[in-house]
>>> print(open('final.cif').read())   # mmCIF, C-alpha atoms and all ligand atoms
data_start
loop_
_atom_site.label_atom_id
_atom_site.label_comp_id
_atom_site.auth_asym_id
_atom_site.auth_seq_id
_atom_site.Cartn_x
_atom_site.Cartn_y
_atom_site.Cartn_z
CA MET S 1 -13.87 -8.65 -80.51
CA THR S 2 -15.11 -5.21 -79.52
CA ALA S 3 -18.62 -4.00 -78.75
CA THR S 4 -19.58 -0.39 -79.42
CA THR S 5 -22.67 1.65 -78.66
CA ALA S 6 -23.73 3.20 -81.96
CA TYR S 7 -26.54 5.72 -82.50
CA SER S 8 -28.59 4.17 -85.28
CA ALA S 9 -31.51 5.36 -87.40
CA GLN S 10 -33.93 2.48 -87.91
CA ALA S 11 -35.91 4.30 -90.60
CA PRO S 12 -35.68 7.59 -92.57
CA GLY S 13 -35.81 10.61 -90.26
CA ALA S 14 -36.22 8.48 -87.12
CA GLU S 15 -34.83 9.47 -83.73
CA LEU S 16 -31.54 7.72 -83.12
CA GLN S 17 -31.34 4.70 -80.82
CA PRO S 18 -28.30 3.51 -78.87
CA THR S 19 -27.57 0.10 -80.41
CA GLU S 20 -24.91 -2.47 -79.47
CA VAL S 21 -22.75 -3.37 -82.47
CA ASP S 22 -20.10 -6.10 -82.47
CA LEU S 23 -17.12 -4.89 -84.51
CA GLY S 24 -15.65 -8.37 -84.87
CA PRO S 25 -11.91 -9.16 -85.00
CA LEU S 26 -9.46 -6.31 -85.65
CA ASP S 27 -7.90 -6.49 -89.13
CA PRO S 28 -4.07 -6.22 -89.35
CA LEU S 29 -4.10 -2.68 -90.82
CA ALA S 30 -7.01 -1.38 -88.70
CA VAL S 31 -6.99 1.15 -85.86
CA GLU S 32 -9.62 1.34 -83.15
CA ILE S 33 -10.33 4.53 -81.19
CA ASP S 34 -12.35 5.54 -78.16
CA VAL S 35 -14.38 8.35 -79.67
CA THR S 36 -14.49 11.54 -77.59
CA HIS S 37 -15.83 14.04 -80.16
CA MET S 38 -18.02 13.80 -83.26
CA GLY S 39 -18.87 16.61 -85.65
CA VAL S 40 -22.30 16.66 -87.30
CA CYS S 41 -22.01 17.29 -91.04
CA ARG S 42 -24.99 18.29 -93.20
CA SER S 43 -24.57 15.05 -95.14
CA ASP S 44 -25.20 13.04 -91.95
CA ILE S 45 -28.70 14.54 -92.03
CA GLY S 46 -28.88 13.67 -95.73
CA ARG S 47 -28.13 10.05 -94.85
CA ILE S 48 -30.47 9.80 -91.86
CA ASP S 49 -33.31 11.52 -93.72
CA ASN S 50 -32.66 9.35 -96.82
CA GLU S 51 -32.22 12.44 -99.03
CA TYR S 52 -29.87 10.51 -101.31
CA GLY S 53 -32.34 7.64 -101.69
CA LEU S 54 -29.89 4.89 -100.71
CA ASP S 55 -32.56 3.10 -98.62
CA ASP S 56 -30.01 1.23 -96.50
CA PHE S 57 -31.62 1.31 -93.04
CA PRO S 58 -30.83 0.74 -90.24
CA LEU S 59 -27.70 2.89 -90.43
CA VAL S 60 -25.24 4.81 -88.29
CA ALA S 61 -24.18 8.17 -89.75
CA GLY S 62 -21.25 10.34 -88.68
CA HIS S 63 -17.85 10.82 -90.32
CA GLU S 64 -15.99 13.44 -88.24
CA ALA S 65 -14.54 11.61 -85.26
CA VAL S 66 -11.73 12.46 -82.87
CA GLY S 67 -10.63 10.17 -80.05
CA VAL S 68 -7.85 8.17 -78.48
CA VAL S 69 -6.27 5.06 -80.01
CA ARG S 70 -7.30 1.99 -77.96
CA ALA S 71 -6.14 -0.87 -80.23
CA VAL S 72 -4.06 -1.33 -83.36
CA GLY S 73 -3.84 -4.23 -85.80
CA THR S 74 -0.70 -6.36 -86.15
CA ALA S 75 0.48 -4.58 -89.35
CA VAL S 76 0.09 -0.99 -88.08
CA ASP S 77 3.28 1.13 -87.98
CA THR S 78 3.26 1.92 -84.26
CA GLU S 79 5.95 4.58 -84.65
CA GLN S 80 3.27 6.64 -86.39
CA ILE S 81 -0.01 5.46 -84.86
CA PHE S 82 0.16 4.18 -81.28
CA LEU S 83 -1.95 3.42 -78.21
CA GLY S 84 -3.13 6.51 -76.30
CA GLN S 85 -2.52 8.86 -79.24
CA ARG S 86 -5.09 11.59 -79.99
CA VAL S 87 -6.24 11.11 -83.58
CA GLY S 88 -9.02 11.87 -86.04
CA ILE S 89 -10.93 9.64 -88.45
CA GLY S 90 -12.81 11.49 -91.16
CA ALA S 91 -14.83 10.67 -94.25
CA ILE S 92 -12.36 8.08 -95.54
CA GLY S 93 -11.30 5.25 -93.21
CA GLY S 94 -9.14 3.36 -95.67
CA SER S 95 -8.28 2.80 -99.32
CA CYS S 96 -6.45 0.17 -101.37
CA PHE S 97 -3.01 1.85 -101.65
CA ALA S 98 -2.59 -0.03 -104.93
CA CYS S 99 -4.73 1.75 -107.57
CA GLU S 100 -3.55 4.65 -109.75
CA TRP S 101 -5.43 7.14 -107.56
CA CYS S 102 -3.97 5.97 -104.26
CA LEU S 103 -0.50 5.73 -105.81
CA SER S 104 -0.74 9.32 -107.06
CA GLY S 105 -1.89 10.72 -103.70
CA ARG S 106 -5.57 11.02 -104.62
CA HIS S 107 -6.96 8.42 -102.23
CA GLN S 108 -10.34 10.16 -102.23
CA LEU S 109 -10.84 8.83 -105.78
CA CYS S 110 -9.98 5.21 -104.91
CA PRO S 111 -12.78 2.89 -106.10
CA HIS S 112 -12.13 0.65 -103.05
CA ARG S 113 -12.10 3.38 -100.42
CA ASP S 114 -13.74 2.84 -97.06
CA ASP S 115 -16.37 5.62 -96.83
CA VAL S 116 -17.16 5.92 -93.13
CA ILE S 117 -20.66 7.31 -93.78
CA LEU S 118 -21.58 4.45 -96.14
CA ARG S 119 -20.65 1.57 -93.84
CA GLY S 120 -24.10 0.64 -92.59
CA MET S 121 -23.94 0.27 -88.80
CA ARG S 122 -20.31 1.36 -88.51
CA GLY S 123 -20.48 5.14 -88.91
CA ALA S 124 -18.86 7.59 -86.50
CA PHE S 125 -21.83 8.32 -84.20
CA THR S 126 -20.52 5.63 -81.90
CA THR S 127 -18.35 5.07 -78.82
CA VAL S 128 -15.69 2.91 -80.49
CA LEU S 129 -14.78 3.54 -84.13
CA ARG S 130 -12.41 1.79 -86.50
CA ALA S 131 -10.42 3.01 -89.48
CA SER S 132 -9.77 0.08 -91.78
CA ASP S 133 -6.28 1.43 -92.62
CA TRP S 134 -3.98 3.25 -90.21
CA ARG S 135 -2.60 5.42 -93.00
CA HIS S 136 -5.93 7.31 -93.07
CA VAL S 137 -5.80 8.02 -89.31
CA GLN S 138 -4.69 11.60 -88.57
CA PRO S 139 -2.66 12.57 -85.50
CA ILE S 140 -4.11 15.83 -84.13
CA PRO S 141 -1.66 18.72 -83.59
CA GLU S 142 -1.37 19.79 -79.95
CA ALA S 143 -2.57 23.33 -80.73
CA ILE S 144 -6.01 22.08 -81.82
CA SER S 145 -8.52 20.86 -79.22
CA SER S 146 -10.33 17.59 -79.89
CA ALA S 147 -13.71 19.37 -80.10
CA GLU S 148 -12.33 21.79 -82.70
CA ALA S 149 -10.49 19.07 -84.59
CA ALA S 150 -13.66 17.03 -85.22
CA PRO S 151 -15.21 19.40 -87.83
CA LEU S 152 -11.86 19.67 -89.57
CA MET S 153 -12.00 15.94 -90.36
CA CYS S 154 -14.71 16.40 -93.02
CA ALA S 155 -15.55 20.11 -93.38
CA GLY S 156 -11.90 21.16 -93.21
CA SER S 157 -10.86 18.21 -95.34
CA THR S 158 -13.37 19.20 -98.03
CA VAL S 159 -12.52 22.90 -98.08
CA PHE S 160 -8.77 23.23 -97.59
CA PRO S 161 -7.46 21.01 -100.43
CA GLN S 162 -9.32 23.19 -102.96
CA LEU S 163 -6.75 25.93 -102.35
CA THR S 164 -4.06 23.84 -104.03
CA ARG S 165 -6.24 21.65 -106.27
CA LEU S 166 -7.88 24.69 -107.89
CA GLY S 167 -4.66 26.68 -107.84
CA ILE S 168 -6.05 29.60 -105.82
CA ARG S 169 -3.49 32.39 -105.42
CA ALA S 170 -3.23 35.29 -102.98
CA THR S 171 -4.04 37.65 -105.85
CA ASP S 172 -7.33 35.90 -106.66
CA ARG S 173 -10.80 37.13 -105.79
CA VAL S 174 -12.83 34.32 -104.30
CA ALA S 175 -16.50 34.15 -103.29
CA VAL S 176 -17.79 31.60 -100.78
CA VAL S 177 -21.49 30.76 -101.09
CA GLY S 178 -23.13 29.80 -97.80
CA ILE S 179 -21.86 30.55 -94.29
CA GLY S 180 -22.30 27.25 -92.50
CA GLY S 181 -20.06 24.39 -91.40
CA LEU S 182 -18.01 24.35 -94.61
CA GLY S 183 -18.46 28.01 -95.49
CA HIS S 184 -17.18 29.49 -92.25
CA LEU S 185 -14.04 27.37 -92.54
CA ALA S 186 -13.64 28.26 -96.24
CA LEU S 187 -13.69 31.98 -95.37
CA GLN S 188 -11.01 31.46 -92.73
CA PHE S 189 -8.76 29.22 -94.83
CA LEU S 190 -8.96 31.54 -97.87
CA SER S 191 -8.32 34.60 -95.76
CA ALA S 192 -5.29 32.97 -94.10
CA TRP S 193 -4.14 32.00 -97.63
CA GLY S 194 -4.16 35.68 -98.56
CA ALA S 195 -6.97 35.71 -101.14
CA ALA S 196 -9.55 38.52 -101.35
CA VAL S 197 -12.66 36.82 -99.97
CA THR S 198 -16.34 37.70 -100.29
CA ALA S 199 -19.11 35.84 -98.45
CA ILE S 200 -22.39 35.26 -100.28
CA SER S 201 -25.46 34.40 -98.23
CA SER S 202 -29.18 35.02 -98.04
CA SER S 203 -28.78 35.47 -94.27
CA ALA S 204 -27.82 39.15 -93.93
CA ASP S 205 -27.59 38.59 -90.15
CA LYS S 206 -24.44 36.52 -90.79
CA ALA S 207 -22.57 39.43 -92.43
CA GLU S 208 -20.80 40.43 -89.23
CA ASP S 209 -19.75 36.86 -88.45
CA ALA S 210 -18.50 36.52 -92.05
CA ARG S 211 -16.23 39.54 -91.54
CA GLY S 212 -14.96 37.94 -88.35
CA PHE S 213 -14.06 34.84 -90.39
CA GLY S 214 -12.01 37.03 -92.73
CA ALA S 215 -14.45 38.04 -95.49
CA GLN S 216 -13.68 41.49 -96.88
CA GLY S 217 -17.01 41.71 -98.70
CA PHE S 218 -20.55 40.44 -98.18
CA LEU S 219 -23.09 39.84 -100.94
CA ASP S 220 -26.76 39.30 -100.05
CA SER S 221 -27.93 36.63 -102.50
CA SER S 222 -31.57 37.65 -102.06
CA ASP S 223 -30.69 41.11 -103.47
CA SER S 224 -30.90 40.49 -107.23
CA LYS S 225 -29.55 43.96 -108.03
CA ALA S 226 -26.44 43.37 -105.94
CA MET S 227 -25.99 39.92 -107.50
CA ALA S 228 -26.29 41.38 -111.04
CA GLY S 229 -23.85 44.14 -110.10
CA ALA S 230 -21.28 41.53 -109.06
CA ALA S 231 -21.32 39.71 -112.43
CA GLY S 232 -17.86 38.66 -113.60
CA SER S 233 -16.21 39.64 -110.29
CA PHE S 234 -14.62 36.44 -109.03
CA ASP S 235 -11.87 34.12 -110.18
CA PHE S 236 -13.47 31.40 -108.07
CA VAL S 237 -16.98 30.95 -106.69
CA ILE S 238 -17.03 28.15 -104.12
CA SER S 239 -20.46 26.86 -103.13
CA THR S 240 -20.71 25.16 -99.76
CA VAL S 241 -24.51 24.87 -99.65
CA SER S 242 -26.56 21.69 -99.98
CA GLY S 243 -29.55 23.56 -101.41
CA ASN S 244 -30.62 23.78 -105.05
CA LEU S 245 -29.63 27.24 -106.21
CA ASP S 246 -30.07 29.07 -109.52
CA TRP S 247 -26.62 27.94 -110.67
CA ASN S 248 -26.64 30.17 -113.76
CA ALA S 249 -26.80 33.20 -111.46
CA TYR S 250 -23.70 31.95 -109.62
CA LEU S 251 -21.87 31.07 -112.83
CA ALA S 252 -22.52 34.67 -113.94
CA LEU S 253 -20.44 35.88 -110.97
CA VAL S 254 -17.38 34.05 -112.33
CA ARG S 255 -14.78 35.91 -114.40
CA PRO S 256 -13.79 34.56 -117.84
CA ALA S 257 -11.75 31.35 -117.47
CA GLY S 258 -12.83 31.24 -113.83
CA THR S 259 -14.27 28.39 -111.81
CA LEU S 260 -17.49 27.51 -110.02
CA ALA S 261 -16.65 24.79 -107.47
CA LEU S 262 -19.37 22.74 -105.78
CA LEU S 263 -18.49 21.50 -102.29
CA GLY S 264 -22.02 21.18 -100.91
CA LEU S 265 -24.24 18.46 -102.36
CA PRO S 266 -27.40 19.71 -104.13
CA THR S 267 -30.24 17.17 -104.21
CA ARG S 268 -31.45 18.01 -107.71
CA THR S 269 -29.97 17.96 -111.21
CA ILE S 270 -27.87 21.03 -112.00
CA GLU S 271 -29.10 22.89 -115.09
CA ILE S 272 -26.65 25.21 -116.80
CA ASP S 273 -27.20 27.53 -119.76
CA PRO S 274 -24.42 26.58 -122.23
CA MET S 275 -24.07 30.26 -123.17
CA ALA S 276 -23.16 31.02 -119.55
CA LEU S 277 -20.42 28.39 -119.65
CA LEU S 278 -18.81 28.13 -123.09
CA PRO S 279 -18.12 31.61 -124.51
CA ALA S 280 -16.12 32.73 -121.46
CA ALA S 281 -14.48 29.28 -121.06
CA LYS S 282 -15.62 28.85 -117.47
CA ARG S 283 -15.44 25.56 -115.61
CA ILE S 284 -17.55 23.79 -113.02
CA VAL S 285 -15.87 21.29 -110.70
CA GLY S 286 -16.95 19.05 -107.85
CA ALA S 287 -15.01 18.18 -104.74
CA ILE S 288 -15.00 15.59 -101.97
CA PRO S 289 -13.01 15.25 -98.72
CA ALA S 290 -9.29 14.66 -99.07
CA GLY S 291 -6.85 11.83 -98.52
CA PRO S 292 -4.24 11.58 -95.77
CA THR S 293 -1.49 13.82 -97.17
CA GLU S 294 -3.84 16.75 -97.79
CA ASN S 295 -5.49 16.21 -94.40
CA ALA S 296 -2.16 16.33 -92.61
CA ARG S 297 -1.32 19.55 -94.46
CA MET S 298 -4.73 21.00 -93.58
CA LEU S 299 -4.31 20.27 -89.86
CA GLU S 300 -0.78 21.70 -89.85
CA PHE S 301 -1.95 24.86 -91.64
CA ALA S 302 -4.90 25.30 -89.24
CA ALA S 303 -2.65 24.77 -86.22
CA ARG S 304 -0.17 27.37 -87.51
CA THR S 305 -2.60 30.04 -88.74
CA GLY S 306 -5.31 29.80 -86.08
CA VAL S 307 -8.10 28.60 -88.39
CA ARG S 308 -10.66 26.95 -86.09
CA PRO S 309 -14.30 25.96 -86.45
CA LEU S 310 -16.78 27.86 -84.32
CA ILE S 311 -18.65 25.08 -82.54
CA GLN S 312 -21.69 24.35 -80.37
CA THR S 313 -21.17 21.27 -78.21
CA TYR S 314 -23.76 18.71 -77.09
CA PRO S 315 -23.31 15.65 -74.88
CA LEU S 316 -23.56 12.51 -77.02
CA GLU S 317 -26.82 11.53 -75.29
CA ARG S 318 -28.42 14.66 -76.80
CA ILE S 319 -27.54 13.67 -80.36
CA ASP S 320 -31.14 14.14 -81.56
CA ASP S 321 -31.12 17.75 -80.31
CA ALA S 322 -27.88 18.35 -82.21
CA LEU S 323 -29.35 16.82 -85.38
CA ALA S 324 -32.50 18.94 -85.04
CA ALA S 325 -30.38 22.08 -84.76
CA VAL S 326 -28.42 21.14 -87.89
CA ARG S 327 -31.66 20.33 -89.75
CA SER S 328 -33.14 23.72 -88.90
CA GLY S 329 -29.95 25.55 -89.86
CA SER S 330 -29.68 27.22 -86.46
CA VAL S 331 -26.18 25.96 -85.56
CA ARG S 332 -23.40 28.58 -85.43
CA TYR S 333 -21.45 27.01 -87.15
CA ARG S 334 -20.82 23.34 -86.40
CA ALA S 335 -22.45 21.00 -83.87
CA VAL S 336 -20.00 18.73 -82.04
CA LEU S 337 -21.03 15.79 -79.81
CA GLU S 338 -18.89 15.20 -76.73
CA ARG S 339 -18.39 12.02 -74.75
CA ALA S 340 -16.46 11.54 -71.54
CA VAL S 341 -14.10 8.57 -71.68
CA ARG S 342 -13.21 6.92 -68.40
ZN ZN C 1 -19.15 15.66 -94.22
ZN ZN C 2 -6.92 2.84 -104.24
#
>>> encode(input="final.cif", output="structure tokens")
Amino acid sequence: MTATTAYSAQAPGAELQPTEVDLGPLDPLAVEIDVTHMGVCRSDIGRIDNEYGLDDFPLVAGHEAVGVVRAVGTAVDTEQIFLGQRVGIGAIGGSCFACEWCLSGRHQLCPHRDDVILRGMRGAFTTVLRASDWRHVQPIPEAISSAEAAPLMCAGSTVFPQLTRLGIRATDRVAVVGIGGLGHLALQFLSAWGAAVTAISSSADKAEDARGFGAQGFLDSSDSKAMAGAAGSFDFVISTVSGNLDWNAYLALVRPAGTLALLGLPTRTIEIDPMALLPAAKRIVGAIPAGPTENARMLEFAARTGVRPLIQTYPLERIDDALAAVRSGSVRYRAVLERAVR
């Protein structure tokens, strides 16, 4: 049996309270870590503020954890995951390893997956966290600090796999909508990949940062003339924002046979003009964080190419300040909670 101190929301939008949670016996495949770092993803705010209407309070959010392995179940392969190892646990803590999706390397589509952010009181804003299956636990490359690794566990895991899933090539022109937690990593990954990258944002004050992340161009989305002038310019438009945009305006930026990919989660129904979609044979796709093979590749690529999140750190006790900063959109570009482990 293990007790953990979890930061729970008792009601929508409430300040978080340290709450003792008993994790019960450790399952044979499970891994338990002492959490040292936790990234704050926009969807954690969505959960705490009940934006998705799941009404499952009290809850513990958080799904970007890095820490040190403190216990492993009896069936864990300890040549790969062992006590004292520095590892990450992201959006997916386990899956069945038996369905067609798991068996074809697409664990993120497993109907039985263990979504860390949907586990009630067992999310990652906590001192001790478990992954239900060791095969979803990611060893962190030495070159990446634990604080910088945390945002890679969801933001990086959501962004990077799109490079191969969508078939993005170095010759492609790619626009990234939104320069936030996901967006600033998307700019870096795409730039390291060799693609021609343009940042699109309504925050003109982020243009210089965007160039620092590798963007060659910057498009101010509040400038309708500039947006109209960029029609049909991009093979891929990748949205990382959680807001409700005029999606037809973004679809217009896509070249014939090109793709609009949604990585951020809008809260309202997406309305598309069929004439903006069909005649030029465009496509719209959604994406969620990746499974273990893609995550391992993502961490290796980041370690090798120098892609790193730009972070603002907070001690875990100041979690409400970190959440407030994410809510207000003032974080540059990912908030990470830190905890000293004795
Ligand atoms: Zn996330
Ligand atoms: Zn499965």
>>> atom_distance(input="final.cif", atom1="atom CA of S:Ala91", atom2="atom CA of S:Ala155")
9.5 Å
>>> closest_atom_pairs(input="final.cif", of="stretch 248-273 of chain S", to="stretch 28-50 of chain S", cutoff="12 Å", atoms="all atoms listed in the file", output="JSON lines")
{"residue": "S:Leu263", "atom": "CA", "partner": "S:Ser43", "partner_atom": "CA", "distance": 11.4}
{"residue": "S:Gly264", "atom": "CA", "partner": "S:Arg42", "partner_atom": "CA", "distance": 8.8}
{"residue": "S:Leu265", "atom": "CA", "partner": "S:Ser43", "partner_atom": "CA", "distance": 8.0}
{"residue": "S:Pro266", "atom": "CA", "partner": "S:Gly46", "partner_atom": "CA", "distance": 10.5}
{"residue": "S:Thr267", "atom": "CA", "partner": "S:Gly46", "partner_atom": "CA", "distance": 9.3}
>>> residues_around(input="final.cif", residues="S:Gly229", least_positions_apart="2", cutoff="12 Å", atoms="all atoms listed in the file", output="VMD selection string")
chain S and resid 219 to 221 223 to 227 231 to 233 249 252 to 253
>>> closest_residue(input="final.cif", among="S:Leu262, S:Val21, S:Ile117, S:Ala3", to="ligand ZN 1 (chain C)", atoms="all atoms listed in the file")
S:Ile117
>>> residues_around(input="final.cif", residues="S:Ile200", least_positions_apart="4", cutoff="12 Å", atoms="all atoms listed in the file", output="PyMOL selection string")
chain S and resi 174-180+183-184+186-187+204-207+210-211+215-223+226-227+230+234+237-241+250+253
>>> closest_residue(input="final.cif", among="S:Leu118, S:Ile284, S:Ala98, S:Ala199", to="ligand ZN 2 (chain C)", atoms="only C-alpha atoms and all ligand atoms")
S:Ala98
>>> residues_near_ligand(input="final.cif", ligand="ligand ZN 2 (chain C)", cutoff="8 Å", atoms="all atoms listed in the file", output="number ranges by chain")
S: 95-103, 107, 109-113
>>> residues_around(input="final.cif", residues="S:Ala131", least_positions_apart="4", cutoff="10 Å", atoms="all atoms listed in the file", output="number ranges by chain")
S: 27, 29-33, 72, 88-90, 92-94, 114-116, 135-137
>>> atom_distance(input="final.cif", atom1="atom CA of S:Ala61", atom2="atom ZN of ligand ZN 1 (chain C)")
10.1 Å
>>> residues_near_point(input="final.cif", point="(-5.0, 25.8, -92.7)", cutoff="10 Å", atoms="all atoms listed in the file", output="JSON list (two decimals) with C-alpha atoms, in the coordinates of the input")
[["chain", "number", "residue", "atom", "x", "y", "z"],
["S", 152, "LEU", "CA", -11.86, 19.67, -89.57],
["S", 156, "GLY", "CA", -11.90, 21.16, -93.21],
["S", 157, "SER", "CA", -10.86, 18.21, -95.34],
["S", 159, "VAL", "CA", -12.52, 22.90, -98.08],
["S", 160, "PHE", "CA", -8.77, 23.23, -97.59],
["S", 161, "PRO", "CA", -7.46, 21.01, -100.43],
["S", 163, "LEU", "CA", -6.75, 25.93, -102.35],
["S", 185, "LEU", "CA", -14.04, 27.37, -92.54],
["S", 186, "ALA", "CA", -13.64, 28.26, -96.24],
["S", 188, "GLN", "CA", -11.01, 31.46, -92.73],
["S", 189, "PHE", "CA", -8.76, 29.22, -94.83],
["S", 190, "LEU", "CA", -8.96, 31.54, -97.87],
["S", 191, "SER", "CA", -8.32, 34.60, -95.76],
["S", 192, "ALA", "CA", -5.29, 32.97, -94.10],
["S", 193, "TRP", "CA", -4.14, 32.00, -97.63],
["S", 295, "ASN", "CA", -5.49, 16.21, -94.40],
["S", 296, "ALA", "CA", -2.16, 16.33, -92.61],
["S", 297, "ARG", "CA", -1.32, 19.55, -94.46],
["S", 298, "MET", "CA", -4.73, 21.00, -93.58],
["S", 299, "LEU", "CA", -4.31, 20.27, -89.86],
["S", 300, "GLU", "CA", -0.78, 21.70, -89.85],
["S", 301, "PHE", "CA", -1.95, 24.86, -91.64],
["S", 302, "ALA", "CA", -4.90, 25.30, -89.24],
["S", 303, "ALA", "CA", -2.65, 24.77, -86.22],
["S", 304, "ARG", "CA", -0.17, 27.37, -87.51],
["S", 305, "THR", "CA", -2.60, 30.04, -88.74],
["S", 306, "GLY", "CA", -5.31, 29.80, -86.08],
["S", 307, "VAL", "CA", -8.10, 28.60, -88.39],
["S", 308, "ARG", "CA", -10.66, 26.95, -86.09]]
>>> build_atoms(input="final.cif", residues="stretch 258-270 of chain S", atoms="N, CA, C and O atoms", output="compact mmCIF listing (two decimals), in the frame of the given file")
# COMPACT_ATOMS: atom_id res chain seq x y z
N GLY S 258 -12.74 31.51 -115.26
CA GLY S 258 -12.83 31.24 -113.83
C GLY S 258 -13.59 29.96 -113.53
O GLY S 258 -14.02 29.23 -114.44
N THR S 259 -13.77 29.69 -112.24
CA THR S 259 -14.27 28.39 -111.81
C THR S 259 -15.40 28.51 -110.80
O THR S 259 -15.31 29.29 -109.85
N LEU S 260 -16.45 27.72 -111.03
CA LEU S 260 -17.49 27.51 -110.02
C LEU S 260 -17.25 26.13 -109.43
O LEU S 260 -17.28 25.12 -110.15
N ALA S 261 -16.94 26.07 -108.13
CA ALA S 261 -16.65 24.79 -107.47
C ALA S 261 -17.78 24.43 -106.53
O ALA S 261 -18.22 25.26 -105.73
N LEU S 262 -18.27 23.20 -106.63
CA LEU S 262 -19.37 22.74 -105.78
C LEU S 262 -18.83 21.82 -104.69
O LEU S 262 -18.36 20.72 -104.98
N LEU S 263 -18.93 22.30 -103.44
CA LEU S 263 -18.49 21.50 -102.29
C LEU S 263 -19.68 20.95 -101.51
O LEU S 263 -19.59 19.89 -100.91
N GLY S 264 -20.79 21.69 -101.49
CA GLY S 264 -22.02 21.18 -100.91
C GLY S 264 -22.71 20.28 -101.93
O GLY S 264 -22.40 20.34 -103.12
N LEU S 265 -23.61 19.45 -101.48
CA LEU S 265 -24.24 18.46 -102.36
C LEU S 265 -25.70 18.82 -102.62
O LEU S 265 -26.56 18.57 -101.79
N PRO S 266 -26.00 19.42 -103.80
CA PRO S 266 -27.40 19.71 -104.13
C PRO S 266 -28.16 18.38 -104.31
O PRO S 266 -27.55 17.37 -104.66
N THR S 267 -29.47 18.42 -104.08
CA THR S 267 -30.24 17.17 -104.21
C THR S 267 -30.86 17.02 -105.59
O THR S 267 -31.39 15.97 -105.90
N ARG S 268 -30.83 18.10 -106.39
CA ARG S 268 -31.45 18.01 -107.71
C ARG S 268 -30.42 18.20 -108.83
O ARG S 268 -29.33 18.70 -108.61
N THR S 269 -30.81 17.80 -110.02
CA THR S 269 -29.97 17.96 -111.21
C THR S 269 -29.61 19.43 -111.40
O THR S 269 -30.44 20.32 -111.20
N ILE S 270 -28.36 19.67 -111.77
CA ILE S 270 -27.87 21.03 -112.00
C ILE S 270 -28.10 21.39 -113.46
O ILE S 270 -27.60 20.71 -114.35
